[in-house]
$ cat protein-v6.txt   # compact mmCIF, C-alpha atoms
# COMPACT_ATOMS: atom_id res chain seq x y z
CA GLY A 1 36.20 22.28 9.96
CA GLN A 2 35.70 23.06 13.60
CA SER A 3 36.72 21.25 16.78
CA LEU A 4 36.23 22.07 20.44
CA GLU A 5 37.78 20.77 23.64
CA GLN A 6 36.18 20.97 27.07
CA PRO A 7 36.59 18.88 30.21
CA SER A 8 34.32 15.87 30.40
CA GLU A 9 33.41 16.22 34.09
CA VAL A 10 33.63 18.82 36.84
CA THR A 11 32.50 18.56 40.47
CA ALA A 12 31.92 21.58 42.69
CA VAL A 13 30.36 22.39 46.05
CA GLU A 14 27.04 24.14 46.47
CA GLY A 15 27.57 27.90 46.92
CA ALA A 16 31.01 27.83 45.27
CA ILE A 17 32.20 29.15 41.90
CA VAL A 18 33.11 26.91 38.99
CA GLN A 19 34.72 27.64 35.63
CA ILE A 20 34.24 25.44 32.57
CA ASN A 21 36.85 26.00 29.88
CA CYS A 22 36.55 25.59 26.14
CA THR A 23 39.22 25.80 23.49
CA TYR A 24 38.34 25.70 19.83
CA GLN A 25 39.79 25.43 16.36
CA THR A 26 37.78 26.87 13.53
CA SER A 27 38.22 28.24 10.04
CA GLY A 28 36.72 31.67 10.53
CA PHE A 29 34.80 32.58 13.64
CA TYR A 30 31.46 34.21 14.37
CA GLY A 31 31.13 33.57 18.07
CA LEU A 32 31.15 31.16 21.01
CA SER A 33 27.90 29.99 22.56
CA TRP A 34 27.07 28.02 25.70
CA TYR A 35 24.17 25.64 26.26
CA GLN A 36 22.89 23.84 29.35
CA GLN A 37 21.26 20.43 29.27
CA HIS A 38 19.71 18.65 32.23
CA ASP A 39 19.45 14.86 32.13
CA GLY A 40 16.57 13.88 29.87
CA GLY A 41 16.01 17.45 28.76
CA ALA A 42 16.69 19.58 25.73
CA PRO A 43 19.73 21.87 25.49
CA THR A 44 18.87 25.47 26.33
CA PHE A 45 20.79 28.54 25.23
CA LEU A 46 22.76 30.31 27.98
CA SER A 47 25.06 32.88 26.43
CA TYR A 48 26.90 34.11 23.36
CA ASN A 49 30.21 35.95 22.94
CA ALA A 50 31.20 37.47 19.61
CA LEU A 51 33.78 39.89 20.99
CA ASP A 52 36.56 39.51 23.53
CA GLY A 53 35.61 40.00 27.14
CA LEU A 54 33.10 39.01 29.76
CA GLU A 55 29.33 38.80 29.35
CA GLU A 56 27.29 38.53 32.54
CA THR A 57 23.79 37.17 32.92
CA GLY A 58 22.81 36.79 36.55
CA ARG A 59 24.87 34.06 38.22
CA PHE A 60 26.36 32.99 34.87
CA SER A 61 29.15 34.76 32.99
CA SER A 62 30.91 33.83 29.77
CA PHE A 63 34.31 34.96 28.60
CA LEU A 64 35.99 34.95 25.21
CA SER A 65 39.55 35.52 24.02
CA ARG A 66 39.63 35.27 20.23
CA SER A 67 43.42 35.56 20.08
CA ASP A 68 43.74 32.47 22.31
CA SER A 69 40.76 30.62 20.74
CA TYR A 70 39.54 30.16 24.28
CA GLY A 71 36.47 30.82 26.30
CA TYR A 72 34.93 29.83 29.60
CA LEU A 73 31.62 29.70 31.39
CA LEU A 74 31.65 30.89 35.00
CA LEU A 75 28.89 29.80 37.36
CA GLN A 76 28.68 31.59 40.69
CA GLU A 77 26.76 30.76 43.88
CA LEU A 78 26.28 27.22 42.64
CA GLN A 79 22.93 25.59 43.30
CA MET A 80 21.99 21.93 43.13
CA LYS A 81 19.82 22.69 40.10
CA ASP A 82 22.96 23.73 38.19
CA SER A 83 23.93 20.04 37.98
CA ALA A 84 23.73 19.48 34.23
CA SER A 85 25.85 19.14 31.12
CA TYR A 86 27.27 22.29 29.58
CA PHE A 87 28.22 22.55 25.92
CA CYS A 88 30.29 25.17 24.16
CA ALA A 89 29.60 25.71 20.46
CA VAL A 90 31.10 27.73 17.63
CA ARG A 91 29.84 28.96 14.29
CA GLY A 92 32.40 29.24 11.55
CA ALA A 93 32.55 32.04 9.03
CA GLY A 94 30.00 31.73 6.25
CA SER A 95 28.07 28.96 7.96
CA TYR A 96 24.61 28.73 9.50
CA GLN A 97 25.27 25.84 11.80
CA LEU A 98 26.89 25.38 15.20
CA THR A 99 29.54 22.81 16.01
CA PHE A 100 29.27 21.61 19.60
CA GLY A 101 31.86 20.37 22.03
CA LYS A 102 31.32 17.00 23.67
CA GLY A 103 30.00 18.59 26.83
CA THR A 104 31.06 18.97 30.46
CA LYS A 105 29.01 17.19 33.09
CA LEU A 106 28.83 19.40 36.17
CA SER A 107 27.94 17.77 39.47
CA VAL A 108 27.10 20.09 42.35
CA ILE A 109 27.48 18.44 45.75
CA PRO A 110 26.22 19.62 49.14
CA ASP C 1 5.75 30.35 24.60
CA VAL C 2 7.86 29.67 21.51
CA LYS C 3 8.35 26.06 20.68
CA VAL C 4 10.07 23.40 18.70
CA THR C 5 7.94 20.27 18.78
CA GLN C 6 9.13 16.81 17.91
CA SER C 7 6.35 14.40 17.14
CA SER C 8 7.56 11.43 19.20
CA ARG C 9 9.43 11.26 22.48
CA TYR C 10 10.23 7.55 22.21
CA LEU C 11 10.25 5.37 19.12
CA VAL C 12 11.13 1.72 18.57
CA LYS C 13 11.65 0.53 15.00
CA ARG C 14 12.91 -2.62 13.33
CA THR C 15 16.07 -2.88 11.26
CA GLY C 16 15.37 -2.04 7.64
CA GLU C 17 12.27 0.05 8.32
CA LYS C 18 11.89 3.53 6.86
CA VAL C 19 11.59 5.97 9.74
CA PHE C 20 10.26 9.53 9.73
CA LEU C 21 11.06 11.98 12.53
CA GLU C 22 9.01 15.15 12.41
CA CYS C 23 9.86 18.58 13.78
CA VAL C 24 7.68 21.70 13.78
CA GLN C 25 8.58 25.20 14.98
CA ASP C 26 6.22 28.11 15.58
CA MET C 27 8.78 30.94 15.62
CA ASP C 28 8.96 31.63 11.87
CA HIS C 29 12.66 30.73 11.97
CA GLU C 30 14.53 30.38 8.70
CA ASN C 31 17.06 27.80 9.91
CA MET C 32 16.34 24.29 11.11
CA PHE C 33 18.73 21.55 12.16
CA TRP C 34 18.85 17.88 13.00
CA TYR C 35 21.46 16.62 15.48
CA ARG C 36 22.00 13.25 17.06
CA GLN C 37 23.36 12.96 20.58
CA ASP C 38 25.29 9.96 21.83
CA PRO C 39 27.10 9.52 25.17
CA GLY C 40 30.64 10.81 25.00
CA LEU C 41 30.20 12.17 21.49
CA GLY C 42 28.13 15.28 22.16
CA LEU C 43 25.82 16.70 19.51
CA ARG C 44 26.66 15.90 15.91
CA LEU C 45 25.00 17.66 12.99
CA ILE C 46 23.19 15.43 10.50
CA TYR C 47 21.49 17.91 8.16
CA PHE C 48 20.32 21.48 8.23
CA SER C 49 18.15 23.79 6.16
CA TYR C 50 18.32 27.57 5.84
CA ASP C 51 15.22 27.96 3.69
CA VAL C 52 12.23 26.06 2.40
CA LYS C 53 13.28 23.25 0.04
CA MET C 54 16.94 23.95 0.81
CA LYS C 55 19.07 21.37 2.62
CA GLU C 56 22.73 20.97 3.44
CA LYS C 57 24.66 17.99 4.72
CA GLY C 58 26.15 18.19 8.15
CA ASP C 59 28.97 16.12 9.58
CA ILE C 60 27.24 12.71 9.57
CA PRO C 61 24.59 12.60 6.79
CA GLU C 62 25.13 8.98 5.73
CA GLY C 63 21.98 6.90 6.05
CA TYR C 64 19.75 9.95 6.47
CA SER C 65 17.80 12.34 4.29
CA VAL C 66 15.62 15.36 5.06
CA SER C 67 12.63 17.21 3.72
CA ARG C 68 11.55 20.82 4.18
CA GLU C 69 8.42 21.53 2.18
CA LYS C 70 7.13 24.21 4.55
CA LYS C 71 9.03 26.75 6.61
CA GLU C 72 7.80 25.45 9.93
CA ARG C 73 8.42 21.73 9.33
CA PHE C 74 11.69 19.82 8.95
CA SER C 75 11.60 16.05 8.65
CA LEU C 76 14.43 13.59 9.15
CA ILE C 77 14.19 10.32 7.26
CA LEU C 78 16.09 7.14 7.97
CA GLU C 79 15.85 5.32 4.64
CA SER C 80 16.61 1.88 6.09
CA ALA C 81 17.05 1.94 9.84
CA SER C 82 20.07 0.19 11.31
CA THR C 83 21.01 -0.55 14.91
CA ASN C 84 23.84 2.00 14.81
CA GLN C 85 21.19 4.68 14.33
CA THR C 86 19.85 4.05 17.81
CA SER C 87 20.29 7.47 19.39
CA MET C 88 18.67 10.62 20.74
CA TYR C 89 17.65 12.90 17.86
CA LEU C 90 17.36 16.61 18.51
CA CYS C 91 15.75 19.15 16.23
CA ALA C 92 16.57 22.85 16.57
CA SER C 93 15.72 26.12 14.88
CA SER C 94 17.27 29.59 14.76
CA PRO C 95 16.42 32.91 13.14
CA GLY C 96 18.02 34.26 9.96
CA THR C 97 21.77 34.50 9.93
CA GLY C 98 21.95 34.72 13.72
CA GLY C 99 22.62 31.05 14.13
CA ASN C 100 23.77 31.26 17.71
CA GLY C 101 20.61 31.13 19.80
CA TYR C 102 19.16 27.76 18.89
CA THR C 103 15.85 26.59 20.30
CA PHE C 104 15.80 22.83 20.67
CA GLY C 105 12.95 20.37 20.73
CA SER C 106 12.66 17.84 23.55
CA GLY C 107 14.22 15.10 21.45
CA THR C 108 13.20 11.72 20.10
CA ARG C 109 14.87 8.68 21.57
CA LEU C 110 14.97 6.17 18.75
CA THR C 111 15.76 2.52 19.33
CA VAL C 112 16.34 0.28 16.32
CA VAL C 113 16.04 -3.43 17.07
$ encode --input "protein-v6.txt" --output "structure tokens"
Amino acid sequence: GQSLEQPSEVTAVEGAIVQINCTYQTSGFYGLSWYQQHDGGAPTFLSYNALDGLEETGRFSSFLSRSDSYGYLLLQELQMKDSASYFCAVRGAGSYQLTFGKGTKLSVIP
Amino acid sequence: DVKVTQSSRYLVKRTGEKVFLECVQDMDHENMFWYRQDPGLGLRLIYFSYDVKMKEKGDIPEGYSVSREKKERFSLILESASTNQTSMYLCASSPGTGGNGYTFGSGTRLTVV
């Protein structure tokens, strides 16, 4: 099976940079994904890493190290609207489905 | 705009009732999923389907069943609702074997009393 660990809560200041870490255990590995969910809303897809390294999409970047079974989501120039829960997710080899971490609640303060 | 639509946003049912949660996607996706989300537990997979009439158990299938008679529609059935099934239910879909970019519906908050 798969399991993921990520911090439950993170607080950061508007305009700053924050990193949300995720470690995983999985039998086989196809990639690490990140999702954002605002309170009362649906999760939305942010990024996907299949290979080691950094993927950048605007203010958000995601990193993967397959040898360390570790990844992170980096949010730059934080805005109040970035306050949300962030989930990492993995897909194991030969499977169609994602297993999600329990989520990190990010609070951006003025 | 592509969509996953869940038929009800809020639902209140009585213990023992049979409950149907409906999900429709308009993206011609092969894969569809049902998750439940509870505080502190994240998203847990109930059932998924990778093709019409195909279904696979997820991590917590007990007390649930599913139906996929058409590609665009995936139904979750609570055979006899219990209070521990009070939760937020999220439907999602994804294309082919690229099961990384899920599109989620807005969710159904089910309360069983």
$ interface_residues --input "protein-v6.txt" --of "chain A" --to "chain C" --cutoff "9 Å" --atoms "only C-alpha atoms" --output "list in words"
Ser8, Tyr30, Gly31, Leu32, Ser33, Gly40, Gly41, Ala42, Pro43, Thr44, Phe45, Leu46, Ser47, Tyr48, Phe87, Ala89, Val90, Arg91, Ser95, Tyr96, Gln97, Leu98, Thr99, Phe100, Gly101, Lys102 and Gly103 of chain A
$ atom_distance --input "protein-v6.txt" --atom1 "CA of Lys71 (chain C)" --atom2 "CA of Arg9 (chain C)"
22.2 Å
$ closest_residue --input "protein-v6.txt" --among "C:Ser82, C:Ser75, C:Ser87, C:Thr111" --to "Gly16 (chain C)" --atoms "only C-alpha atoms"
C:Ser82
$ residues_near_point --input "protein-v6.txt" --point "(31.5, 24.8, 32.6)" --cutoff "10 Å" --atoms "all atoms listed in the file" --output "PyMOL selection string"
chain A and resi 6-10+18-22+34-36+60+62+72-75+84-88+103-106
$ atom_distance --input "protein-v6.txt" --atom1 "CA of Glu62 (chain C)" --atom2 "CA of Gly28 (chain A)"
25.9 Å
$ residues_around --input "protein-v6.txt" --residues "Ser69 (chain A)" --least-positions-apart "3" --cutoff "7 Å" --atoms "only C-alpha atoms" --output "list in words"
Thr23, Tyr24, Gln25, Ser65 and Arg66 of chain A
$ decode --input "protein-v6.txt" --residues "chain C" --atoms "C-alpha atoms" --output "mmCIF file, in the first residue's frame"
data_model
loop_
_atom_site.group_PDB
_atom_site.id
_atom_site.type_symbol
_atom_site.label_atom_id
_atom_site.label_comp_id
_atom_site.auth_asym_id
_atom_site.auth_seq_id
_atom_site.Cartn_x
_atom_site.Cartn_y
_atom_site.Cartn_z
ATOM 1 C CA ASP C 1 -15.570 24.562 -18.993
ATOM 2 C CA VAL C 2 -15.010 20.903 -18.136
ATOM 3 C CA LYS C 3 -16.966 19.643 -15.206
ATOM 4 C CA VAL C 4 -17.647 16.975 -12.686
ATOM 5 C CA THR C 5 -21.141 17.481 -11.315
ATOM 6 C CA GLN C 6 -22.470 15.958 -8.133
ATOM 7 C CA SER C 7 -26.226 15.946 -7.921
ATOM 8 C CA SER C 8 -26.613 17.218 -4.346
ATOM 9 C CA ARG C 9 -24.549 19.661 -2.324
ATOM 10 C CA TYR C 10 -26.203 18.814 0.990
ATOM 11 C CA LEU C 11 -28.153 15.714 1.929
ATOM 12 C CA VAL C 12 -29.770 14.575 5.166
ATOM 13 C CA LYS C 13 -30.851 10.952 5.449
ATOM 14 C CA ARG C 14 -32.116 8.685 8.192
ATOM 15 C CA THR C 15 -30.273 5.665 9.562
ATOM 16 C CA GLY C 16 -31.102 2.573 7.542
ATOM 17 C CA GLU C 17 -32.107 4.426 4.380
ATOM 18 C CA LYS C 18 -30.641 3.486 1.013
ATOM 19 C CA VAL C 19 -28.797 6.509 -0.335
ATOM 20 C CA PHE C 20 -27.711 7.263 -3.894
ATOM 21 C CA LEU C 21 -25.025 9.835 -4.672
ATOM 22 C CA GLU C 22 -24.743 10.691 -8.340
ATOM 23 C CA CYS C 23 -21.748 11.992 -10.258
ATOM 24 C CA VAL C 24 -21.575 13.001 -13.924
ATOM 25 C CA GLN C 25 -18.534 14.139 -15.908
ATOM 26 C CA ASP C 26 -18.495 15.734 -19.347
ATOM 27 C CA MET C 27 -14.817 15.179 -20.214
ATOM 28 C CA ASP C 28 -15.085 11.659 -21.670
ATOM 29 C CA HIS C 29 -12.739 10.441 -18.923
ATOM 30 C CA GLU C 30 -12.207 6.721 -18.502
ATOM 31 C CA ASN C 31 -11.525 6.788 -14.757
ATOM 32 C CA MET C 32 -13.913 7.844 -12.022
ATOM 33 C CA PHE C 33 -13.465 7.796 -8.267
ATOM 34 C CA TRP C 34 -15.379 8.218 -5.043
ATOM 35 C CA TYR C 35 -13.574 9.567 -1.969
ATOM 36 C CA ARG C 36 -14.820 10.575 1.435
ATOM 37 C CA GLN C 37 -13.182 13.409 3.332
ATOM 38 C CA ASP C 38 -13.203 13.671 7.096
ATOM 39 C CA PRO C 39 -11.341 16.173 9.322
ATOM 40 C CA GLY C 40 -7.866 14.949 10.161
ATOM 41 C CA LEU C 41 -8.161 11.922 7.895
ATOM 42 C CA GLY C 42 -7.770 13.510 4.480
ATOM 43 C CA LEU C 43 -9.284 11.912 1.392
ATOM 44 C CA ARG C 44 -9.889 8.182 1.520
ATOM 45 C CA LEU C 45 -10.764 6.148 -1.553
ATOM 46 C CA ILE C 46 -14.030 4.212 -1.414
ATOM 47 C CA TYR C 47 -14.372 2.805 -4.939
ATOM 48 C CA PHE C 48 -13.134 3.567 -8.400
ATOM 49 C CA SER C 49 -13.890 2.552 -11.967
ATOM 50 C CA TYR C 50 -11.570 2.527 -14.975
ATOM 51 C CA ASP C 51 -14.204 1.574 -17.529
ATOM 52 C CA VAL C 52 -17.930 1.188 -17.972
ATOM 53 C CA LYS C 53 -19.305 -1.626 -15.795
ATOM 54 C CA MET C 54 -15.889 -2.059 -14.167
ATOM 55 C CA LYS C 55 -15.385 -1.293 -10.482
ATOM 56 C CA GLU C 56 -12.616 -1.776 -7.967
ATOM 57 C CA LYS C 57 -12.618 -1.474 -4.196
ATOM 58 C CA GLY C 58 -10.600 1.266 -2.645
ATOM 59 C CA ASP C 59 -9.349 1.496 0.914
ATOM 60 C CA ILE C 60 -12.716 1.755 2.699
ATOM 61 C CA PRO C 61 -15.433 0.015 0.619
ATOM 62 C CA GLU C 62 -17.405 -1.476 3.512
ATOM 63 C CA GLY C 63 -21.004 -0.319 3.557
ATOM 64 C CA TYR C 64 -20.827 1.086 0.025
ATOM 65 C CA SER C 65 -21.383 -0.102 -3.512
ATOM 66 C CA VAL C 66 -21.102 1.610 -6.894
ATOM 67 C CA SER C 67 -22.601 1.510 -10.346
ATOM 68 C CA ARG C 68 -21.189 2.616 -13.690
ATOM 69 C CA GLU C 69 -23.619 1.843 -16.472
ATOM 70 C CA LYS C 70 -22.506 4.734 -18.677
ATOM 71 C CA LYS C 71 -19.079 6.258 -19.137
ATOM 72 C CA GLU C 72 -20.086 9.673 -17.874
ATOM 73 C CA ARG C 73 -21.949 8.572 -14.733
ATOM 74 C CA PHE C 74 -20.639 6.967 -11.543
ATOM 75 C CA SER C 75 -23.021 6.376 -8.666
ATOM 76 C CA LEU C 76 -22.190 5.692 -5.040
ATOM 77 C CA ILE C 77 -24.734 3.700 -3.056
ATOM 78 C CA LEU C 78 -25.008 3.455 0.698
ATOM 79 C CA GLU C 79 -26.991 0.251 1.133
ATOM 80 C CA SER C 80 -28.143 1.054 4.671
ATOM 81 C CA ALA C 81 -26.956 4.440 5.863
ATOM 82 C CA SER C 82 -25.341 4.662 9.282
ATOM 83 C CA THR C 83 -24.276 7.662 11.341
ATOM 84 C CA ASN C 84 -20.587 6.855 10.807
ATOM 85 C CA GLN C 85 -21.147 7.519 7.103
ATOM 86 C CA THR C 86 -21.801 11.174 7.814
ATOM 87 C CA SER C 87 -19.081 12.819 5.743
ATOM 88 C CA MET C 88 -18.160 14.902 2.707
ATOM 89 C CA TYR C 89 -18.220 12.740 -0.425
ATOM 90 C CA LEU C 90 -16.091 13.780 -3.375
ATOM 91 C CA CYS C 91 -16.322 12.392 -6.880
ATOM 92 C CA ALA C 92 -13.409 12.765 -9.300
ATOM 93 C CA SER C 93 -12.484 11.752 -12.820
ATOM 94 C CA SER C 94 -9.241 11.436 -14.783
ATOM 95 C CA PRO C 95 -8.282 10.486 -18.321
ATOM 96 C CA GLY C 96 -6.927 7.089 -19.387
ATOM 97 C CA THR C 97 -3.890 5.840 -17.557
ATOM 98 C CA GLY C 98 -2.798 9.356 -16.632
ATOM 99 C CA GLY C 99 -4.372 9.195 -13.226
ATOM 100 C CA ASN C 100 -2.590 12.192 -11.818
ATOM 101 C CA GLY C 101 -4.652 15.198 -12.864
ATOM 102 C CA TYR C 102 -7.978 14.527 -11.201
ATOM 103 C CA THR C 103 -10.928 16.841 -11.684
ATOM 104 C CA PHE C 104 -13.125 16.873 -8.603
ATOM 105 C CA GLY C 105 -16.779 17.655 -8.163
ATOM 106 C CA SER C 106 -17.902 20.179 -5.550
ATOM 107 C CA GLY C 107 -18.784 17.446 -3.081
ATOM 108 C CA THR C 108 -21.882 16.213 -1.290
ATOM 109 C CA ARG C 109 -22.078 16.767 2.431
ATOM 110 C CA LEU C 110 -24.109 13.864 3.736
ATOM 111 C CA THR C 111 -25.545 13.832 7.233
ATOM 112 C CA VAL C 112 -27.082 10.611 8.534
ATOM 113 C CA VAL C 113 -29.361 11.089 11.530
#
